[in-house]
>>> print(open('protein-v1.txt').read())   # compact mmCIF, C-alpha atoms
# COMPACT_ATOMS: atom_id res chain seq x y z
CA MET A 734 -36.05 7.13 105.90
CA ASN A 735 -37.13 6.92 102.26
CA TYR A 736 -38.69 3.74 100.96
CA ALA A 737 -37.06 2.43 97.81
CA LEU A 738 -37.97 -0.45 95.54
CA ILE A 739 -36.45 -1.99 92.43
CA ASN A 740 -38.90 -4.08 90.42
CA LYS A 741 -38.06 -6.46 87.61
CA MET A 742 -41.02 -7.31 85.43
CA SER A 743 -40.92 -10.06 82.79
CA VAL A 744 -43.52 -9.79 80.05
CA ARG A 745 -44.89 -12.17 77.46
CA PRO A 746 -43.04 -11.87 74.12
CA GLY A 747 -44.03 -8.71 72.24
CA LYS A 748 -45.98 -7.24 75.13
CA ARG A 749 -43.40 -4.89 76.61
CA ASP A 750 -44.64 -1.67 75.01
CA GLU A 751 -48.20 -2.45 76.04
CA VAL A 752 -47.17 -3.02 79.65
CA ILE A 753 -45.04 0.14 79.66
CA GLU A 754 -48.04 2.12 78.46
CA ILE A 755 -50.07 0.79 81.39
CA LEU A 756 -47.23 1.56 83.81
CA LEU A 757 -46.94 5.13 82.57
CA LYS A 758 -50.69 5.73 82.58
CA SER A 759 -51.06 4.35 86.09
CA GLY A 760 -47.96 6.20 87.25
CA ALA A 761 -49.32 9.54 86.08
CA ALA A 762 -51.21 9.54 89.39
CA PHE A 763 -47.85 9.90 91.16
CA ASP A 764 -47.05 13.20 89.42
CA ASP A 765 -49.10 15.13 91.95
CA ASN A 766 -48.21 12.91 94.89
CA PRO A 767 -45.43 14.60 96.88
CA HIS A 768 -44.66 11.29 98.60
CA CYS A 769 -43.44 9.81 95.31
CA LEU A 770 -39.89 11.05 94.79
CA LEU A 771 -38.97 8.82 91.88
CA TYR A 772 -40.80 6.45 89.54
CA LEU A 773 -38.60 5.37 86.67
CA VAL A 774 -39.86 2.92 84.09
CA SER A 775 -37.10 1.49 81.89
CA LYS A 776 -36.51 -1.11 79.22
CA ASP A 777 -33.76 -3.66 79.79
CA LYS A 778 -31.29 -3.31 76.91
CA GLN A 779 -30.23 -6.96 76.96
CA ASP A 780 -33.62 -8.64 77.38
CA GLU A 781 -36.45 -7.27 75.25
CA ASN A 782 -39.03 -8.86 77.54
CA VAL A 783 -37.88 -7.20 80.74
CA ILE A 784 -38.97 -3.91 82.31
CA TRP A 785 -37.35 -2.31 85.36
CA ILE A 786 -39.27 0.01 87.66
CA GLN A 787 -37.38 2.07 90.19
CA ASP A 788 -39.42 3.70 92.94
CA VAL A 789 -38.45 5.98 95.77
CA TRP A 790 -41.15 7.10 98.19
CA THR A 791 -40.89 9.25 101.27
CA ASP A 792 -42.16 6.32 103.36
CA GLU A 793 -43.58 2.82 102.98
CA PRO A 794 -47.21 3.60 103.99
CA SER A 795 -47.46 6.28 101.27
CA HIS A 796 -46.48 3.69 98.68
CA GLU A 797 -49.00 1.20 100.06
CA ILE A 798 -51.80 3.75 99.95
CA ALA A 799 -50.96 4.65 96.34
CA MET A 800 -51.02 0.97 95.37
CA LYS A 801 -54.38 0.32 97.04
CA ASN A 802 -56.07 3.07 95.03
CA GLU A 803 -58.94 1.59 93.00
CA THR A 804 -57.80 2.99 89.65
CA MET A 805 -54.33 1.60 90.32
CA GLN A 806 -55.80 -1.82 91.07
CA GLN A 807 -57.61 -1.74 87.73
CA TYR A 808 -54.35 -1.01 85.93
CA ILE A 809 -52.68 -3.87 87.78
CA LYS A 810 -55.46 -6.25 86.68
CA GLN A 811 -54.97 -5.04 83.12
CA ALA A 812 -51.21 -5.68 83.20
CA MET A 813 -51.09 -9.02 85.02
CA PRO A 814 -52.12 -11.25 82.06
CA LEU A 815 -49.34 -9.68 79.98
CA LEU A 816 -46.66 -10.76 82.46
CA THR A 817 -44.99 -14.14 82.70
CA GLY A 818 -45.29 -14.12 86.48
CA MET A 819 -45.34 -11.90 89.52
CA PRO A 820 -42.95 -8.95 89.32
CA GLU A 821 -39.72 -9.54 91.21
CA GLN A 822 -39.75 -6.89 93.93
CA ILE A 823 -36.43 -6.02 95.49
CA ALA A 824 -36.74 -4.00 98.67
CA VAL A 825 -33.67 -1.96 99.51
CA ASP A 826 -32.48 0.35 102.27
CA SER A 827 -30.81 3.52 101.08
CA ALA A 828 -27.20 3.82 102.19
CA GLY A 829 -26.57 7.24 100.62
CA GLY A 830 -25.34 8.75 97.39
CA LYS A 831 -26.50 11.65 95.27
CA SER A 832 -30.15 12.43 94.71
CA PRO A 833 -32.13 15.59 94.09
CA TRP A 834 -34.23 15.06 97.24
CA ASN A 835 -31.40 14.75 99.76
CA MET B 157 -31.57 10.72 76.31
CA ASN B 158 -30.38 10.04 79.84
CA TYR B 159 -28.10 7.11 80.50
CA ALA B 160 -29.30 4.84 83.28
CA LEU B 161 -27.70 1.85 84.94
CA ILE B 162 -28.75 -0.57 87.63
CA ASN B 163 -25.84 -2.42 89.24
CA LYS B 164 -26.04 -5.44 91.49
CA MET B 165 -22.91 -6.03 93.53
CA SER B 166 -22.33 -9.19 95.55
CA VAL B 167 -19.80 -8.90 98.34
CA ARG B 168 -17.86 -11.38 100.44
CA PRO B 169 -19.65 -12.19 103.71
CA GLY B 170 -19.38 -9.38 106.22
CA LYS B 171 -17.86 -6.91 103.75
CA ARG B 172 -20.95 -4.97 102.71
CA ASP B 173 -20.45 -1.95 104.96
CA GLU B 174 -16.83 -1.66 103.88
CA VAL B 175 -17.78 -1.71 100.20
CA ILE B 176 -20.58 0.82 100.79
CA GLU B 177 -18.08 3.13 102.44
CA ILE B 178 -15.87 2.94 99.35
CA LEU B 179 -18.86 3.52 97.05
CA LEU B 180 -19.94 6.59 99.00
CA LYS B 181 -16.42 8.02 99.21
CA SER B 182 -15.84 7.52 95.49
CA GLY B 183 -19.32 8.80 94.65
CA ALA B 184 -18.71 12.05 96.53
CA ALA B 185 -16.95 13.17 93.32
CA PHE B 186 -20.35 13.09 91.58
CA ASP B 187 -21.84 15.69 93.94
CA ASP B 188 -20.37 18.52 91.90
CA ASN B 189 -20.80 16.81 88.54
CA PRO B 190 -23.93 18.17 86.85
CA HIS B 191 -23.96 15.18 84.49
CA CYS B 192 -24.72 12.84 87.39
CA LEU B 193 -28.45 13.09 88.07
CA LEU B 194 -28.76 10.16 90.43
CA TYR B 195 -26.37 7.86 92.28
CA LEU B 196 -28.20 5.75 94.82
CA VAL B 197 -26.35 3.17 96.89
CA SER B 198 -28.67 0.73 98.67
CA LYS B 199 -28.58 -2.41 100.76
CA ASP B 200 -30.68 -5.35 99.61
CA LYS B 201 -33.10 -6.16 102.43
CA GLN B 202 -33.28 -9.88 101.63
CA ASP B 203 -29.63 -10.62 100.96
CA GLU B 204 -27.14 -9.12 103.38
CA ASN B 205 -24.31 -9.57 100.89
CA VAL B 206 -25.88 -7.58 98.07
CA ILE B 207 -25.61 -3.89 97.22
CA TRP B 208 -27.63 -2.12 94.51
CA ILE B 209 -26.35 1.00 92.79
CA GLN B 210 -28.72 3.03 90.68
CA ASP B 211 -27.18 5.61 88.36
CA VAL B 212 -28.72 8.15 86.03
CA TRP B 213 -26.40 10.32 83.95
CA THR B 214 -27.21 12.94 81.35
CA ASP B 215 -25.35 10.85 78.76
CA GLU B 216 -23.15 7.78 78.46
CA PRO B 217 -19.81 9.55 77.72
CA SER B 218 -20.13 11.60 80.92
CA HIS B 219 -20.44 8.39 82.91
CA GLU B 220 -17.45 6.87 81.13
CA ILE B 221 -15.31 9.92 81.82
CA ALA B 222 -16.25 9.85 85.51
CA MET B 223 -15.32 6.16 85.72
CA LYS B 224 -11.93 6.66 84.05
CA ASN B 225 -10.88 9.26 86.60
CA GLU B 226 -7.71 8.11 88.36
CA THR B 227 -9.05 8.49 91.90
CA MET B 228 -12.13 6.50 90.87
CA GLN B 229 -9.93 3.74 89.50
CA GLN B 230 -8.11 3.55 92.82
CA TYR B 231 -11.40 3.13 94.65
CA ILE B 232 -12.42 0.40 92.22
CA LYS B 233 -9.14 -1.45 92.88
CA GLN B 234 -9.81 -1.13 96.59
CA ALA B 235 -13.32 -2.58 96.31
CA MET B 236 -12.71 -5.42 93.84
CA PRO B 237 -11.13 -7.91 96.31
CA LEU B 238 -14.15 -7.48 98.59
CA LEU B 239 -16.58 -8.62 95.88
CA THR B 240 -17.42 -12.19 94.91
CA GLY B 241 -17.22 -11.31 91.21
CA MET B 242 -17.75 -8.57 88.69
CA PRO B 243 -20.74 -6.35 89.43
CA GLU B 244 -23.79 -7.26 87.38
CA GLN B 245 -24.43 -4.19 85.26
CA ILE B 246 -27.92 -3.81 83.83
CA ALA B 247 -28.14 -1.16 81.12
CA VAL B 248 -31.62 0.24 80.64
CA ASP B 249 -33.38 2.74 78.39
CA SER B 250 -35.70 5.12 80.15
CA ALA B 251 -39.32 4.81 79.05
CA GLY B 252 -40.67 7.59 81.27
CA GLY B 253 -42.13 8.09 84.71
CA LYS B 254 -41.62 10.70 87.40
CA SER B 255 -38.24 12.15 88.19
CA PRO B 256 -37.01 15.49 89.48
CA TRP B 257 -34.93 16.11 86.35
CA ASN B 258 -37.71 15.70 83.78
>>> encode(input="protein-v1.txt", output="structure tokens")
Amino acid sequence: MNYALINKMSVRPGKRDEVIEILLKSGAAFDDNPHCLLYLVSKDKQDENVIWIQDVWTDEPSHEIAMKNETMQQYIKQAMPLLTGMPEQIAVDSAGGKSPWN
Amino acid sequence: MNYALINKMSVRPGKRDEVIEILLKSGAAFDDNPHCLLYLVSKDKQDENVIWIQDVWTDEPSHEIAMKNETMQQYIKQAMPLLTGMPEQIAVDSAGGKSPWN
């Protein structure tokens, strides 16, 4: 069963582009990771201080390993002061639908 | 630019599986629609009365057309009484990341 996550990240005013840059740089490591099926970074259209990150991984341990990577941890440290709090992490169980990996 | 949506749907107690069934049946129409890149229906792990629907379409008009389809409208009418209110629709602009269609 795939492991999916929806993350809502609230940033300090004016810091969204900076945080997105960090998210994209850190996420470049997923490009060659076959366990990462989806990593979408998006800007909320209604709230200019909100970022949404949608992840789908083949399994939960693969996501954990990717997060524990030292370079990733450095990116996280870089982003944290730009946020207004901890990202809101919504864990979900896939019920079906259409996706390129099914 | 792709058109992406994150939808949060709150259902009446005990009605989640029924609503998911409707969402999957109605979404089967997207399987052969090349404008629908992603349609993920998921159960919130923390709240047993919440469903998340993640959509990515090639463009906004294609999504609108798919929603206006008569069969789709019938499914929507079928699902509405099972919800506690209107779905919360979060429109987002993609900023990048990893996806099979990029």
>>> calpha_fit_and_write(input="protein-v1.txt", fixed="chain B", moving="chain A", output="mmCIF file with C-alpha atoms, keeping the file's coordinate frame")
data_model
loop_
_atom_site.group_PDB
_atom_site.id
_atom_site.type_symbol
_atom_site.label_atom_id
_atom_site.label_comp_id
_atom_site.auth_asym_id
_atom_site.auth_seq_id
_atom_site.Cartn_x
_atom_site.Cartn_y
_atom_site.Cartn_z
ATOM 1 C CA MET A 734 -31.544 10.739 76.299
ATOM 2 C CA ASN A 735 -30.360 10.048 79.845
ATOM 3 C CA TYR A 736 -28.082 7.114 80.510
ATOM 4 C CA ALA A 737 -29.294 4.854 83.288
ATOM 5 C CA LEU A 738 -27.695 1.860 84.948
ATOM 6 C CA ILE A 739 -28.747 -0.587 87.642
ATOM 7 C CA ASN A 740 -25.837 -2.422 89.245
ATOM 8 C CA LYS A 741 -26.042 -5.451 91.492
ATOM 9 C CA MET A 742 -22.916 -6.024 93.526
ATOM 10 C CA SER A 743 -22.321 -9.201 95.549
ATOM 11 C CA VAL A 744 -19.789 -8.904 98.350
ATOM 12 C CA ARG A 745 -17.849 -11.381 100.435
ATOM 13 C CA PRO A 746 -19.640 -12.199 103.721
ATOM 14 C CA GLY A 747 -19.358 -9.346 106.227
ATOM 15 C CA LYS A 748 -17.866 -6.912 103.744
ATOM 16 C CA ARG A 749 -20.950 -4.966 102.709
ATOM 17 C CA ASP A 750 -20.445 -1.942 104.959
ATOM 18 C CA GLU A 751 -16.826 -1.658 103.879
ATOM 19 C CA VAL A 752 -17.782 -1.704 100.205
ATOM 20 C CA ILE A 753 -20.580 0.818 100.785
ATOM 21 C CA GLU A 754 -18.087 3.147 102.434
ATOM 22 C CA ILE A 755 -15.875 2.942 99.346
ATOM 23 C CA LEU A 756 -18.872 3.515 97.064
ATOM 24 C CA LEU A 757 -19.945 6.595 98.995
ATOM 25 C CA LYS A 758 -16.434 8.028 99.199
ATOM 26 C CA SER A 759 -15.839 7.512 95.492
ATOM 27 C CA GLY A 760 -19.307 8.798 94.656
ATOM 28 C CA ALA A 761 -18.723 12.051 96.513
ATOM 29 C CA ALA A 762 -16.961 13.157 93.319
ATOM 30 C CA PHE A 763 -20.355 13.089 91.577
ATOM 31 C CA ASP A 764 -21.850 15.693 93.931
ATOM 32 C CA ASP A 765 -20.357 18.514 91.896
ATOM 33 C CA ASN A 766 -20.782 16.794 88.546
ATOM 34 C CA PRO A 767 -23.922 18.169 86.873
ATOM 35 C CA HIS A 768 -23.951 15.191 84.499
ATOM 36 C CA CYS A 769 -24.722 12.834 87.389
ATOM 37 C CA LEU A 770 -28.448 13.095 88.063
ATOM 38 C CA LEU A 771 -28.764 10.170 90.437
ATOM 39 C CA TYR A 772 -26.385 7.858 92.291
ATOM 40 C CA LEU A 773 -28.210 5.742 94.827
ATOM 41 C CA VAL A 774 -26.362 3.175 96.886
ATOM 42 C CA SER A 775 -28.668 0.734 98.682
ATOM 43 C CA LYS A 776 -28.583 -2.419 100.753
ATOM 44 C CA ASP A 777 -30.686 -5.361 99.611
ATOM 45 C CA LYS A 778 -33.103 -6.180 102.440
ATOM 46 C CA GLN A 779 -33.298 -9.887 101.625
ATOM 47 C CA ASP A 780 -29.623 -10.623 100.955
ATOM 48 C CA GLU A 781 -27.134 -9.102 103.387
ATOM 49 C CA ASN A 782 -24.313 -9.559 100.886
ATOM 50 C CA VAL A 783 -25.887 -7.593 98.063
ATOM 51 C CA ILE A 784 -25.618 -3.892 97.220
ATOM 52 C CA TRP A 785 -27.633 -2.121 94.520
ATOM 53 C CA ILE A 786 -26.351 0.995 92.786
ATOM 54 C CA GLN A 787 -28.722 3.036 90.682
ATOM 55 C CA ASP A 788 -27.176 5.615 88.371
ATOM 56 C CA VAL A 789 -28.709 8.137 86.040
ATOM 57 C CA TRP A 790 -26.395 10.314 83.964
ATOM 58 C CA THR A 791 -27.214 12.927 81.379
ATOM 59 C CA ASP A 792 -25.354 10.854 78.770
ATOM 60 C CA GLU A 793 -23.160 7.771 78.466
ATOM 61 C CA PRO A 794 -19.831 9.551 77.724
ATOM 62 C CA SER A 795 -20.139 11.607 80.937
ATOM 63 C CA HIS A 796 -20.438 8.391 82.922
ATOM 64 C CA GLU A 797 -17.446 6.879 81.127
ATOM 65 C CA ILE A 798 -15.305 9.926 81.821
ATOM 66 C CA ALA A 799 -16.244 9.857 85.517
ATOM 67 C CA MET A 800 -15.319 6.171 85.721
ATOM 68 C CA LYS A 801 -11.939 6.662 84.036
ATOM 69 C CA ASN A 802 -10.879 9.259 86.603
ATOM 70 C CA GLU A 803 -7.699 8.097 88.360
ATOM 71 C CA THR A 804 -9.052 8.487 91.896
ATOM 72 C CA MET A 805 -12.125 6.504 90.873
ATOM 73 C CA GLN A 806 -9.927 3.738 89.480
ATOM 74 C CA GLN A 807 -8.106 3.551 92.810
ATOM 75 C CA TYR A 808 -11.404 3.133 94.641
ATOM 76 C CA ILE A 809 -12.415 0.403 92.208
ATOM 77 C CA LYS A 810 -9.138 -1.448 92.870
ATOM 78 C CA GLN A 811 -9.810 -1.132 96.588
ATOM 79 C CA ALA A 812 -13.323 -2.588 96.288
ATOM 80 C CA MET A 813 -12.716 -5.425 93.826
ATOM 81 C CA PRO A 814 -11.133 -7.913 96.296
ATOM 82 C CA LEU A 815 -14.149 -7.478 98.583
ATOM 83 C CA LEU A 816 -16.567 -8.618 95.870
ATOM 84 C CA THR A 817 -17.422 -12.169 94.909
ATOM 85 C CA GLY A 818 -17.223 -11.314 91.220
ATOM 86 C CA MET A 819 -17.755 -8.571 88.696
ATOM 87 C CA PRO A 820 -20.753 -6.352 89.432
ATOM 88 C CA GLU A 821 -23.804 -7.271 87.384
ATOM 89 C CA GLN A 822 -24.447 -4.189 85.260
ATOM 90 C CA ILE A 823 -27.913 -3.806 83.828
ATOM 91 C CA ALA A 824 -28.150 -1.166 81.133
ATOM 92 C CA VAL A 825 -31.625 0.242 80.650
ATOM 93 C CA ASP A 826 -33.377 2.729 78.388
ATOM 94 C CA SER A 827 -35.702 5.121 80.156
ATOM 95 C CA ALA A 828 -39.309 4.804 79.042
ATOM 96 C CA GLY A 829 -40.671 7.596 81.258
ATOM 97 C CA GLY A 830 -42.139 8.095 84.696
ATOM 98 C CA LYS A 831 -41.626 10.691 87.388
ATOM 99 C CA SER A 832 -38.241 12.157 88.184
ATOM 100 C CA PRO A 833 -37.025 15.494 89.481
ATOM 101 C CA TRP A 834 -34.933 16.111 86.341
ATOM 102 C CA ASN A 835 -37.675 15.678 83.742
#
>>> interface_residues(input="protein-v1.txt", of="chain B", to="chain A", cutoff="6 Å", atoms="only C-alpha atoms", output="list in words")
Leu194, Tyr195, Leu196, Val197, Ser198, Lys199, Asp200, Lys201, Ala247, Val248, Asp249, Ser250, Ala251, Gly252, Gly253, Lys254 and Ser255 of chain B
>>> atom_distance(input="protein-v1.txt", atom1="atom CA of A:Gly818", atom2="atom CA of A:His796")
21.6 Å
>>> atom_distance(input="protein-v1.txt", atom1="atom CA of B:Asn163", atom2="atom CA of B:Glu244")
5.6 Å
>>> atom_distance(input="protein-v1.txt", atom1="atom CA of B:Val167", atom2="atom CA of B:Met223")
20.2 Å
>>> closest_residue(input="protein-v1.txt", among="B:Thr214, B:Asn205, B:Gln229, B:Gln234", to="B:Met165", atoms="all atoms listed in the file")
B:Asn205
>>> closest_residue(input="protein-v1.txt", among="B:Met242, B:Glu204, B:Lys233, B:His191", to="B:Ile221", atoms="all atoms listed in the file")
B:His191
>>> closest_residue(input="protein-v1.txt", among="A:Thr817, A:Asn766, A:Asn835, A:Gln822", to="A:Lys748", atoms="all atoms listed in the file")
A:Thr817
>>> build_atoms(input="protein-v1.txt", residues="stretch 222-239 of chain B", atoms="N, CA and C atoms", output="short mmCIF file (atom, residue, chain, number, x, y, z; two decimals), in the coordinates of the input")
data_model
loop_
_atom_site.label_atom_id
_atom_site.label_comp_id
_atom_site.auth_asym_id
_atom_site.auth_seq_id
_atom_site.Cartn_x
_atom_site.Cartn_y
_atom_site.Cartn_z
N ALA B 222 -16.28 9.88 84.04
CA ALA B 222 -16.25 9.85 85.51
C ALA B 222 -15.60 8.56 86.02
N MET B 223 -15.86 7.46 85.30
CA MET B 223 -15.32 6.16 85.72
C MET B 223 -13.82 6.06 85.46
N LYS B 224 -13.35 6.75 84.42
CA LYS B 224 -11.93 6.66 84.05
C LYS B 224 -11.04 7.52 84.93
N ASN B 225 -11.64 8.40 85.69
CA ASN B 225 -10.88 9.26 86.60
C ASN B 225 -9.94 8.42 87.47
N GLU B 226 -8.72 8.91 87.68
CA GLU B 226 -7.71 8.11 88.36
C GLU B 226 -8.09 7.76 89.81
N THR B 227 -8.63 8.74 90.51
CA THR B 227 -9.05 8.49 91.90
C THR B 227 -10.13 7.42 91.92
N MET B 228 -11.07 7.51 90.96
CA MET B 228 -12.13 6.50 90.87
C MET B 228 -11.55 5.11 90.65
N GLN B 229 -10.56 5.03 89.78
CA GLN B 229 -9.93 3.74 89.50
C GLN B 229 -9.27 3.16 90.75
N GLN B 230 -8.72 4.03 91.58
CA GLN B 230 -8.11 3.55 92.82
C GLN B 230 -9.17 2.98 93.77
N TYR B 231 -10.31 3.65 93.81
CA TYR B 231 -11.40 3.13 94.65
C TYR B 231 -11.89 1.78 94.14
N ILE B 232 -11.97 1.66 92.82
CA ILE B 232 -12.42 0.40 92.22
C ILE B 232 -11.45 -0.73 92.60
N LYS B 233 -10.16 -0.45 92.51
CA LYS B 233 -9.14 -1.45 92.88
C LYS B 233 -9.27 -1.86 94.34
N GLN B 234 -9.65 -0.88 95.16
CA GLN B 234 -9.81 -1.13 96.59
C GLN B 234 -11.04 -2.03 96.86
N ALA B 235 -12.07 -1.84 96.06
CA ALA B 235 -13.32 -2.58 96.31
C ALA B 235 -13.30 -3.99 95.71
N MET B 236 -12.63 -4.15 94.58
CA MET B 236 -12.71 -5.42 93.84
C MET B 236 -12.45 -6.67 94.69
N PRO B 237 -11.39 -6.68 95.54
CA PRO B 237 -11.13 -7.91 96.31
C PRO B 237 -12.22 -8.23 97.33
N LEU B 238 -13.08 -7.27 97.61
CA LEU B 238 -14.15 -7.48 98.59
C LEU B 238 -15.42 -8.04 97.94
N LEU B 239 -15.40 -8.12 96.62
CA LEU B 239 -16.58 -8.62 95.88
C LEU B 239 -16.40 -10.11 95.55
#
